[in-house]
Structures are given as C-alpha cells and as structure tokens.
$ cat query.cif   # mmCIF, C-alpha atoms
data_start
#
loop_
_atom_site.group_PDB
_atom_site.id
_atom_site.type_symbol
_atom_site.label_atom_id
_atom_site.label_comp_id
_atom_site.auth_asym_id
_atom_site.auth_seq_id
_atom_site.Cartn_x
_atom_site.Cartn_y
_atom_site.Cartn_z
ATOM 1 C CA MET A 1 -78.913 -1.920 -34.745
ATOM 2 C CA ASP A 2 -78.588 1.383 -36.626
ATOM 3 C CA HIS A 3 -80.207 3.270 -33.767
ATOM 4 C CA ALA A 4 -77.935 1.552 -31.254
ATOM 5 C CA SER A 5 -74.797 2.269 -33.248
ATOM 6 C CA GLU A 6 -75.475 6.016 -33.026
ATOM 7 C CA GLN A 7 -74.988 5.834 -29.251
ATOM 8 C CA ILE A 8 -71.642 4.024 -29.397
ATOM 9 C CA SER A 9 -68.356 5.913 -29.148
ATOM 10 C CA PRO A 10 -66.371 5.997 -32.410
ATOM 11 C CA THR A 11 -63.357 4.729 -30.459
ATOM 12 C CA ALA A 12 -65.179 1.426 -29.821
ATOM 13 C CA TYR A 13 -65.454 0.797 -33.554
ATOM 14 C CA ALA A 14 -61.874 1.960 -34.136
ATOM 15 C CA THR A 15 -60.364 -0.356 -31.517
ATOM 16 C CA GLY A 16 -62.544 -3.222 -32.766
ATOM 17 C CA TYR A 17 -60.967 -2.848 -36.188
ATOM 18 C CA PHE A 18 -57.508 -2.273 -34.682
ATOM 19 C CA TRP A 19 -57.575 -5.711 -32.993
ATOM 20 C CA TYR A 20 -58.764 -7.305 -36.223
ATOM 21 C CA ARG A 21 -56.038 -5.557 -38.248
ATOM 22 C CA HIS A 22 -53.449 -7.031 -35.892
ATOM 23 C CA GLY A 23 -54.804 -10.567 -36.269
ATOM 24 C CA LEU A 24 -56.261 -10.722 -32.747
ATOM 25 C CA SER A 25 -59.977 -10.689 -33.519
ATOM 26 C CA HIS A 26 -62.824 -12.243 -35.488
ATOM 27 C CA GLU A 27 -63.970 -10.529 -38.682
ATOM 28 C CA ALA A 28 -67.454 -10.161 -37.184
ATOM 29 C CA PHE A 29 -66.062 -7.450 -34.875
ATOM 30 C CA ALA A 30 -64.502 -5.520 -37.782
ATOM 31 C CA THR A 31 -66.931 -3.004 -39.258
ATOM 32 C CA ALA A 32 -66.689 -0.660 -42.234
ATOM 33 C CA ARG A 33 -67.120 2.252 -39.844
ATOM 34 C CA GLY A 34 -64.340 0.882 -37.663
ATOM 35 C CA ARG A 35 -62.033 0.586 -40.661
ATOM 36 C CA ARG A 36 -62.584 4.239 -41.588
ATOM 37 C CA ILE A 37 -62.031 5.574 -38.074
ATOM 38 C CA ASP A 38 -59.066 3.275 -37.446
ATOM 39 C CA PHE A 39 -57.479 4.551 -40.672
ATOM 40 C CA ALA A 40 -57.852 8.154 -39.473
ATOM 41 C CA PHE A 41 -56.502 7.315 -36.008
ATOM 42 C CA GLU A 42 -53.579 5.446 -37.537
ATOM 43 C CA LEU A 43 -52.592 8.502 -39.583
ATOM 44 C CA LEU A 44 -52.746 10.682 -36.474
ATOM 45 C CA ALA A 45 -50.816 8.125 -34.406
ATOM 46 C CA ARG A 46 -48.108 7.936 -37.087
ATOM 47 C CA THR A 47 -47.796 11.713 -37.040
ATOM 48 C CA ALA A 48 -47.553 11.736 -33.244
ATOM 49 C CA ARG A 49 -44.870 9.050 -33.378
ATOM 50 C CA LEU A 50 -42.922 10.883 -36.083
ATOM 51 C CA PHE A 51 -42.653 13.988 -33.921
ATOM 52 C CA SER A 52 -42.527 12.474 -30.438
ATOM 53 C CA GLY A 53 -41.200 8.920 -30.908
ATOM 54 C CA TYR A 54 -44.216 7.692 -28.919
ATOM 55 C CA SER A 55 -46.081 4.679 -30.365
ATOM 56 C CA ILE A 56 -49.810 4.552 -29.557
ATOM 57 C CA GLU A 57 -49.913 1.201 -31.383
ATOM 58 C CA ALA A 58 -47.249 -0.310 -29.100
ATOM 59 C CA LEU A 59 -49.118 0.999 -26.061
ATOM 60 C CA MET A 60 -52.425 -0.567 -27.133
ATOM 61 C CA LEU A 61 -50.872 -3.918 -28.010
ATOM 62 C CA ALA A 62 -48.882 -3.959 -24.759
ATOM 63 C CA ARG A 63 -51.911 -3.233 -22.601
ATOM 64 C CA HIS A 64 -54.114 -5.785 -24.365
ATOM 65 C CA LYS A 65 -51.605 -8.630 -24.491
ATOM 66 C CA GLY A 66 -50.366 -7.849 -20.994
ATOM 67 C CA ILE A 67 -53.836 -8.206 -19.503
ATOM 68 C CA ASP A 68 -54.342 -11.379 -21.569
ATOM 69 C CA ALA A 69 -51.111 -12.846 -20.215
ATOM 70 C CA GLN A 70 -52.013 -12.226 -16.573
ATOM 71 C CA LEU A 71 -55.546 -13.519 -17.072
ATOM 72 C CA ALA A 72 -54.233 -16.688 -18.732
ATOM 73 C CA LYS A 73 -51.860 -17.225 -15.820
ATOM 74 C CA ALA A 74 -54.720 -16.914 -13.317
ATOM 75 C CA ILE A 75 -56.879 -19.374 -15.283
ATOM 76 C CA GLU A 76 -54.124 -21.924 -15.817
ATOM 77 C CA SER A 77 -53.183 -21.851 -12.134
ATOM 78 C CA GLY A 78 -56.769 -22.824 -11.285
ATOM 79 C CA ARG A 79 -57.466 -19.617 -9.375
ATOM 80 C CA VAL A 80 -59.936 -18.207 -11.914
ATOM 81 C CA GLY A 81 -62.742 -19.886 -13.844
ATOM 82 C CA GLN A 82 -65.057 -16.917 -14.455
ATOM 83 C CA VAL A 83 -64.509 -13.491 -16.023
ATOM 84 C CA ILE A 84 -66.495 -10.275 -16.071
ATOM 85 C CA GLU A 85 -65.158 -7.757 -18.584
ATOM 86 C CA ILE A 86 -66.496 -4.269 -17.913
ATOM 87 C CA ALA A 87 -67.006 -1.964 -20.923
ATOM 88 C CA ALA A 88 -65.849 -4.783 -23.193
ATOM 89 C CA GLY A 89 -66.784 -2.892 -26.359
ATOM 90 C CA LEU A 90 -65.527 -4.757 -29.425
ATOM 91 C CA SER A 91 -62.632 -6.370 -27.592
ATOM 92 C CA PRO A 92 -61.865 -9.881 -28.886
ATOM 93 C CA ARG A 93 -60.823 -11.139 -25.445
ATOM 94 C CA GLY A 94 -64.027 -13.027 -24.633
ATOM 95 C CA TRP A 95 -64.058 -14.712 -28.039
ATOM 96 C CA SER A 96 -60.363 -15.664 -27.935
ATOM 97 C CA PHE A 97 -60.369 -16.899 -24.329
ATOM 98 C CA MET A 98 -63.473 -19.040 -24.833
ATOM 99 C CA ARG A 99 -61.830 -20.596 -27.902
ATOM 100 C CA ARG A 100 -58.740 -21.247 -25.805
ATOM 101 C CA TYR A 101 -60.303 -22.549 -22.588
ATOM 102 C CA GLY A 102 -63.798 -23.723 -23.565
ATOM 103 C CA LYS A 103 -65.647 -25.424 -20.730
ATOM 104 C CA ARG A 104 -62.985 -24.407 -18.206
ATOM 105 C CA LEU A 105 -64.288 -20.848 -18.388
ATOM 106 C CA ARG A 106 -67.436 -18.760 -18.069
ATOM 107 C CA TYR A 107 -67.194 -15.282 -19.627
ATOM 108 C CA LEU A 108 -69.513 -12.290 -19.228
ATOM 109 C CA GLU A 109 -68.892 -9.348 -21.517
ATOM 110 C CA THR A 110 -70.636 -6.238 -20.256
ATOM 111 C CA ASP A 111 -71.369 -2.767 -21.557
ATOM 112 C CA LEU A 112 -74.052 -0.107 -21.761
ATOM 113 C CA PRO A 113 -77.227 -1.089 -23.655
ATOM 114 C CA ALA A 114 -76.343 0.073 -27.204
ATOM 115 C CA MET A 115 -72.913 -1.533 -27.177
ATOM 116 C CA ALA A 116 -74.167 -4.694 -25.469
ATOM 117 C CA GLU A 117 -76.853 -5.119 -28.145
ATOM 118 C CA THR A 118 -74.305 -4.589 -30.919
ATOM 119 C CA LYS A 119 -71.732 -6.974 -29.425
ATOM 120 C CA ASP A 120 -74.350 -9.641 -28.792
ATOM 121 C CA ALA A 121 -75.344 -9.578 -32.466
ATOM 122 C CA MET A 122 -71.688 -9.788 -33.505
ATOM 123 C CA LEU A 123 -71.083 -12.804 -31.246
ATOM 124 C CA GLU A 124 -74.106 -14.444 -32.825
ATOM 125 C CA GLU A 125 -72.659 -13.738 -36.283
ATOM 126 C CA ALA A 126 -69.355 -15.287 -35.177
ATOM 127 C CA SER A 127 -71.244 -18.337 -33.778
ATOM 128 C CA ALA A 128 -69.530 -17.559 -30.481
ATOM 129 C CA ARG A 129 -72.424 -16.842 -28.138
ATOM 130 C CA SER A 130 -73.298 -19.602 -25.679
ATOM 131 C CA GLU A 131 -74.590 -20.155 -22.165
ATOM 132 C CA ARG A 132 -70.987 -19.869 -20.975
ATOM 133 C CA HIS A 133 -70.223 -16.744 -23.011
ATOM 134 C CA ARG A 134 -72.800 -13.978 -22.860
ATOM 135 C CA VAL A 135 -73.101 -10.215 -23.235
ATOM 136 C CA VAL A 136 -75.086 -8.413 -20.548
ATOM 137 C CA VAL A 137 -75.901 -4.789 -19.806
ATOM 138 C CA LEU A 138 -73.879 -3.269 -16.982
ATOM 139 C CA ASP A 139 -73.590 0.255 -15.619
ATOM 140 C CA ALA A 140 -70.241 0.329 -13.792
ATOM 141 C CA LEU A 141 -71.291 3.507 -11.955
ATOM 142 C CA ALA A 142 -74.434 1.994 -10.426
ATOM 143 C CA ASP A 143 -74.329 1.015 -6.747
ATOM 144 C CA SER A 144 -77.451 -1.138 -7.032
ATOM 145 C CA GLY A 145 -80.172 -2.256 -9.407
ATOM 146 C CA PRO A 146 -80.417 -4.941 -12.099
ATOM 147 C CA HIS A 147 -77.541 -3.514 -14.163
ATOM 148 C CA SER A 148 -75.123 -2.981 -11.284
ATOM 149 C CA LEU A 149 -71.915 -4.990 -11.018
ATOM 150 C CA ALA A 150 -73.223 -6.786 -7.925
ATOM 151 C CA ALA A 151 -76.366 -7.900 -9.781
ATOM 152 C CA VAL A 152 -74.429 -9.097 -12.827
ATOM 153 C CA ALA A 153 -71.930 -11.004 -10.654
ATOM 154 C CA ALA A 154 -74.799 -12.703 -8.809
ATOM 155 C CA SER A 155 -75.454 -14.757 -11.960
ATOM 156 C CA LEU A 156 -72.043 -16.455 -11.586
ATOM 157 C CA ASP A 157 -71.039 -19.426 -9.423
ATOM 158 C CA PRO A 158 -70.031 -18.110 -5.969
ATOM 159 C CA LYS A 159 -67.712 -21.104 -5.499
ATOM 160 C CA VAL A 160 -65.475 -20.303 -8.508
ATOM 161 C CA GLY A 161 -62.595 -17.824 -8.572
ATOM 162 C CA THR A 162 -63.404 -14.781 -10.651
ATOM 163 C CA ALA A 163 -61.553 -12.064 -12.563
ATOM 164 C CA ILE A 164 -62.916 -8.622 -13.368
ATOM 165 C CA ILE A 165 -61.283 -6.697 -16.210
ATOM 166 C CA THR A 166 -61.317 -3.115 -17.387
ATOM 167 C CA GLU A 167 -59.244 -2.145 -20.402
ATOM 168 C CA GLY A 168 -59.025 1.392 -21.734
ATOM 169 C CA LEU A 169 -61.810 2.552 -19.406
ATOM 170 C CA MET A 170 -60.477 4.056 -16.205
ATOM 171 C CA ASN A 171 -58.689 7.020 -17.768
ATOM 172 C CA TYR A 172 -62.037 8.355 -18.966
ATOM 173 C CA LEU A 173 -63.171 8.620 -15.318
ATOM 174 C CA ASP A 174 -62.249 11.332 -12.856
ATOM 175 C CA ALA A 175 -60.590 10.389 -9.560
ATOM 176 C CA ASP A 176 -63.763 10.142 -7.452
ATOM 177 C CA THR A 177 -65.669 8.165 -10.079
ATOM 178 C CA ALA A 178 -62.734 5.807 -10.611
ATOM 179 C CA ARG A 179 -62.431 5.232 -6.866
ATOM 180 C CA GLY A 180 -66.108 4.264 -6.713
ATOM 181 C CA VAL A 181 -65.672 1.750 -9.534
ATOM 182 C CA TRP A 182 -62.642 0.185 -7.840
ATOM 183 C CA GLU A 183 -64.533 -0.087 -4.549
ATOM 184 C CA ARG A 184 -67.455 -1.822 -6.280
ATOM 185 C CA ILE A 185 -65.078 -4.224 -8.024
ATOM 186 C CA ALA A 186 -63.279 -5.137 -4.786
ATOM 187 C CA ALA A 187 -66.573 -5.616 -2.918
ATOM 188 C CA THR A 188 -67.896 -7.849 -5.716
ATOM 189 C CA LEU A 189 -64.753 -9.983 -5.879
ATOM 190 C CA ARG A 190 -64.920 -10.624 -2.135
ATOM 191 C CA GLY A 191 -68.015 -12.724 -2.864
ATOM 192 C CA PHE A 192 -65.847 -15.370 -4.567
ATOM 193 C CA PRO A 193 -63.203 -17.710 -3.104
ATOM 194 C CA GLN A 194 -60.508 -15.861 -5.079
ATOM 195 C CA GLY A 195 -60.793 -12.668 -7.026
ATOM 196 C CA VAL A 196 -58.470 -10.613 -9.195
ATOM 197 C CA TYR A 197 -58.901 -7.292 -10.936
ATOM 198 C CA LEU A 198 -56.870 -6.660 -14.103
ATOM 199 C CA SER A 199 -56.517 -3.342 -15.882
ATOM 200 C CA ASP A 200 -54.129 -1.059 -17.704
ATOM 201 C CA LEU A 201 -52.632 1.851 -15.778
ATOM 202 C CA TYR A 202 -50.330 4.768 -16.463
ATOM 203 C CA PHE A 203 -48.206 7.163 -14.469
ATOM 204 C CA GLN A 204 -48.334 10.909 -14.864
ATOM 205 C CA GLU A 205 -45.481 11.911 -17.154
ATOM 206 C CA ARG A 206 -43.527 14.965 -16.077
ATOM 207 C CA LYS A 207 -43.389 16.372 -19.589
ATOM 208 C CA VAL A 208 -45.716 15.400 -22.433
ATOM 209 C CA HIS A 209 -44.602 16.073 -26.005
ATOM 210 C CA PRO A 210 -46.898 18.601 -27.774
ATOM 211 C CA ALA A 211 -47.686 16.110 -30.583
ATOM 212 C CA LEU A 212 -48.819 13.535 -28.020
ATOM 213 C CA ALA A 213 -50.802 16.155 -26.095
ATOM 214 C CA ALA A 214 -52.574 17.075 -29.343
ATOM 215 C CA PHE A 215 -53.445 13.413 -29.997
ATOM 216 C CA GLY A 216 -54.830 13.114 -26.440
ATOM 217 C CA ALA A 217 -56.902 16.289 -26.879
ATOM 218 C CA LEU A 218 -58.363 14.954 -30.126
ATOM 219 C CA LEU A 219 -59.193 11.642 -28.486
ATOM 220 C CA GLY A 220 -60.941 13.570 -25.723
ATOM 221 C CA LYS A 221 -63.102 15.298 -28.361
ATOM 222 C CA PHE A 222 -64.105 11.905 -29.774
ATOM 223 C CA VAL A 223 -65.211 10.578 -26.399
ATOM 224 C CA LYS A 224 -66.662 13.923 -25.278
ATOM 225 C CA GLY A 225 -64.540 14.156 -22.160
ATOM 226 C CA ARG A 226 -61.026 14.625 -20.906
ATOM 227 C CA MET A 227 -58.507 11.924 -20.072
ATOM 228 C CA HIS A 228 -57.405 11.365 -16.468
ATOM 229 C CA VAL A 229 -54.169 9.848 -15.136
ATOM 230 C CA HIS A 230 -54.725 8.642 -11.580
ATOM 231 C CA PHE A 231 -51.224 7.767 -10.380
ATOM 232 C CA GLU A 232 -47.799 9.348 -10.103
ATOM 233 C CA THR A 233 -45.843 6.474 -8.503
ATOM 234 C CA PRO A 234 -46.185 2.731 -7.733
ATOM 235 C CA ALA A 235 -46.756 3.731 -4.096
ATOM 236 C CA ASP A 236 -49.836 5.687 -5.222
ATOM 237 C CA VAL A 237 -51.188 2.559 -6.900
ATOM 238 C CA SER A 238 -50.739 0.391 -3.819
ATOM 239 C CA ARG A 239 -52.208 2.994 -1.468
ATOM 240 C CA THR A 240 -55.236 3.747 -3.668
ATOM 241 C CA MET A 241 -56.124 0.148 -4.467
ATOM 242 C CA LYS A 242 -55.704 -1.088 -0.890
ATOM 243 C CA ALA A 243 -57.941 1.754 0.281
ATOM 244 C CA ALA A 244 -60.520 0.519 -2.257
ATOM 245 C CA GLY A 245 -60.466 -2.952 -0.655
ATOM 246 C CA PHE A 246 -57.769 -4.951 -2.452
ATOM 247 C CA THR A 247 -55.095 -6.815 -0.487
ATOM 248 C CA ARG A 248 -52.302 -7.645 -2.962
ATOM 249 C CA VAL A 249 -51.503 -5.083 -5.625
ATOM 250 C CA ARG A 250 -48.910 -5.036 -8.430
ATOM 251 C CA ALA A 251 -48.244 -2.578 -11.250
ATOM 252 C CA ILE A 252 -46.399 -4.875 -13.667
ATOM 253 C CA LYS A 253 -44.036 -3.383 -16.236
ATOM 254 C CA THR A 254 -44.426 -4.595 -19.795
ATOM 255 C CA ASP A 255 -40.788 -5.718 -19.913
ATOM 256 C CA ALA A 256 -41.570 -8.142 -17.069
ATOM 257 C CA ILE A 257 -44.210 -10.008 -19.112
ATOM 258 C CA ALA A 258 -42.941 -12.307 -21.869
ATOM 259 C CA ALA A 259 -45.877 -11.539 -24.163
ATOM 260 C CA THR A 260 -45.235 -7.783 -24.068
ATOM 261 C CA ARG A 261 -41.447 -7.581 -23.818
ATOM 262 C CA GLU A 262 -41.074 -6.620 -27.484
ATOM 263 C CA TYR A 263 -43.394 -3.619 -27.036
ATOM 264 C CA ALA A 264 -41.497 -2.471 -23.943
ATOM 265 C CA GLN A 265 -38.567 -1.622 -26.221
ATOM 266 C CA THR A 266 -40.658 1.152 -27.810
ATOM 267 C CA ARG A 267 -41.631 4.452 -26.262
ATOM 268 C CA GLY A 268 -45.340 4.060 -25.600
ATOM 269 C CA GLY A 269 -45.158 0.319 -25.089
ATOM 270 C CA ASP A 270 -43.072 1.033 -21.991
ATOM 271 C CA ALA A 271 -45.585 3.600 -20.686
ATOM 272 C CA VAL A 272 -48.366 1.190 -19.773
ATOM 273 C CA ARG A 273 -48.446 -1.090 -16.720
ATOM 274 C CA VAL A 274 -50.726 -4.052 -16.044
ATOM 275 C CA LEU A 275 -52.557 -3.580 -12.780
ATOM 276 C CA GLU A 276 -53.118 -6.873 -10.936
ATOM 277 C CA ALA A 277 -55.066 -6.526 -7.683
ATOM 278 C CA TRP A 278 -56.283 -9.499 -5.622
ATOM 279 C CA VAL A 279 -58.752 -9.640 -2.776
#
$ encode --input "query.cif" --output "structure tokens"
Amino acid sequence: MDHASEQISPTAYATGYFWYRHGLSHEAFATARGRRIDFAFELLARTARLFSGYSIEALMLARHKGIDAQLAKAIESGRVGQVIEIAAGLSPRGWSFMRRYGKRLRYLETDLPAMAETKDAMLEEASARSERHRVVVLDALADSGPHSLAAVAASLDPKVGTAIITEGLMNYLDADTARGVWERIAATLRGFPQGVYLSDLYFQERKVHPALAAFGALLGKFVKGRMHVHFETPADVSRTMKAAGFTRVRAIKTDAIAATREYAQTRGGDAVRVLEAWV
C-alpha cells in the first residue's frame, strides 16, 4: 500500500478528503495525507476567491453533483443499469450509488494500478466491495489489451444500458489524446442497447484572472502537466463529440439542474457544464 501510494497524484487524496469534508463520502476514503493536502488547497482556493471572486469549491461541487443528477436520471428511467467510472480515484460515487440503488446497479470503478489497489482496499474497509461493485485496472489510453476500456466493458452484461463517466480527467489530456478517449468511449457504448457518457466540461474563458491563473499553474505542478480546455462554444462540443461517434450531445448548465442550481449563483459554479452524450 505504501509503495502504491507513492505513485498516486496528491490531487486524488485531496479530492477524496474534499468529498468527505462535504459529507458526500465514507470515512474510509478520507486519509491523513488527503486532509493535509486538502487544507493547503483550501487556503489557496480561498485566496484565489478573495482576489478573483471565483469559487473552486462551488465548481467542484457543481460538477460532482451535476454528474450524479444526470446519472440518477438515467438509472431511474431504466435506460442505465451498469456504470464504468474511468479514473475514479477516491470519488465516493460508486459507494453512494450502490447504497442508493443496490441490486438495480452494477458499478465498475477503474483506475491505474496503484490507485485501483488503494481504492479496492478502501472499499473493503468500508464493507462496500461486492460482485456488483468492483475496482479494476484500466488504462483509458489503451486501444487494446486486458486493461483497455473494451476489455473491461466486456465483463458487463451486453443487454443492459451502460453509462461511462469521467470526472476531473479530460482537462489533463491534450486535444488529440482526449479525442482518442472519447472515440474509445463511444465505440464501447455502442456495444450496449443504450449508452451515455457523462463528464464535466468547460469553455475557454476570454480573460482569466491572474489569481485563478496562478492556482491553475500550481495545480499543473502537482499533476506534472498543464491543463487543457477543449471547447470554446456549445457548437464545438456538439461537433467534436459527434465526430467521436456520439449521436445526441448536450452541455447542460448548472442552473438547469436542480441539484446544482445553488452553485450556479457563484462564479466558478457557473463555469462548469455537465456533458451528456448518448450513442
């Protein structure tokens, strides 16, 4: 476990504690390391908000609860009964949705080996791991092989509607890499009677406040890479996702989702959209 933890991004631990601090997660996903890093991030986020008025906290809560709301709608309508969450990290979504829907749902959390091993142990500690809720290794950039998306999806029931989720992942990928991931997701979802992809997305802002730019640069240092914004307009979203193989695409504003309307009143909470793309 100690060896594995060295290979995990600090942001994974920080967000794991962030969800717990906001009452959304199980204590098993809240680590001492996460508490320390979350505390540092919170201080930086408060400073950024003081100078720019932009709330990173509102953005994160809006994206998480917005995706949850659209996933719940798809499950309750009977269109989805299986979920693959890519780069799940220490997200509480699998735990909370299995508590909520039980035998109506099958949930696969996926990540790279170190994170998958860590999350699997945490689910065991939370008494939440089961045949219907598992953590498996997945490399979202692989076109084939045992850890590719296609191979992981092959373990699910091909007769049941399926959702694939990415949260907080795509902005770490450059345009070409992101396009490849979207194409693999669309191709995988076409193997099920109904398929939906849910993610957070952002539009390129014309002018970014220096305090916010500094926060983004620091975050990039933590994850050893730069952040990428893939879209400028809703038309860009539709064009890009349809080219990747999706048929119905929406970029939903947070003020249009009941669960996130309160965050849409805050700068930051209004900056995120929920991407919903069906095949």
$ residues_around --input "query.cif" --residues "A:Phe29" --least-positions-apart "5" --cutoff "9 Å" --atoms "only C-alpha atoms" --output "ChimeraX atom specification"
/A:13,16-17,19-20,34,90-92,119,122-123,126
$ axis_aligned_box --input "query.cif" --around "stretch 265-277 of chain A" --padding-each-side "5 Å" --output "lines of an AutoDock Vina configuration file"
center_x = -46.8
center_y = -1.2
center_z = -17.7
size_x = 26.5
size_y = 21.3
size_z = 30.1
$ resolve_selection --input "query.cif" --expression "the PyMOL selection byres ((chain A and resi 169) around 12)" --output "short mmCIF file (atom, residue, chain, number, x, y, z; two decimals) with C-alpha atoms, keeping the file's coordinate frame"
data_model
loop_
_atom_site.label_atom_id
_atom_site.label_comp_id
_atom_site.auth_asym_id
_atom_site.auth_seq_id
_atom_site.Cartn_x
_atom_site.Cartn_y
_atom_site.Cartn_z
CA THR A 11 -63.36 4.73 -30.46
CA ALA A 12 -65.18 1.43 -29.82
CA ARG A 63 -51.91 -3.23 -22.60
CA GLU A 85 -65.16 -7.76 -18.58
CA ILE A 86 -66.50 -4.27 -17.91
CA ALA A 87 -67.01 -1.96 -20.92
CA ALA A 88 -65.85 -4.78 -23.19
CA GLY A 89 -66.78 -2.89 -26.36
CA ASP A 111 -71.37 -2.77 -21.56
CA ALA A 140 -70.24 0.33 -13.79
CA ILE A 165 -61.28 -6.70 -16.21
CA THR A 166 -61.32 -3.12 -17.39
CA GLU A 167 -59.24 -2.14 -20.40
CA GLY A 168 -59.02 1.39 -21.73
CA MET A 170 -60.48 4.06 -16.20
CA ASN A 171 -58.69 7.02 -17.77
CA TYR A 172 -62.04 8.36 -18.97
CA LEU A 173 -63.17 8.62 -15.32
CA ASP A 174 -62.25 11.33 -12.86
CA THR A 177 -65.67 8.16 -10.08
CA ALA A 178 -62.73 5.81 -10.61
CA VAL A 181 -65.67 1.75 -9.53
CA TRP A 182 -62.64 0.18 -7.84
CA LEU A 198 -56.87 -6.66 -14.10
CA SER A 199 -56.52 -3.34 -15.88
CA ASP A 200 -54.13 -1.06 -17.70
CA LEU A 201 -52.63 1.85 -15.78
CA VAL A 223 -65.21 10.58 -26.40
CA MET A 227 -58.51 11.92 -20.07
CA HIS A 228 -57.40 11.36 -16.47
CA VAL A 229 -54.17 9.85 -15.14
#
$ closest_residue --input "query.cif" --among "A:Val80, A:Arg273, A:Leu44, A:Phe231" --to "A:Arg261" --atoms "all atoms listed in the file"
A:Arg273
$ residues_around --input "query.cif" --residues "A:Leu156" --least-positions-apart "6" --cutoff "10 Å" --atoms "only C-alpha atoms" --output "VMD selection string"
chain A and resid 82 to 84 106 to 108 162 192
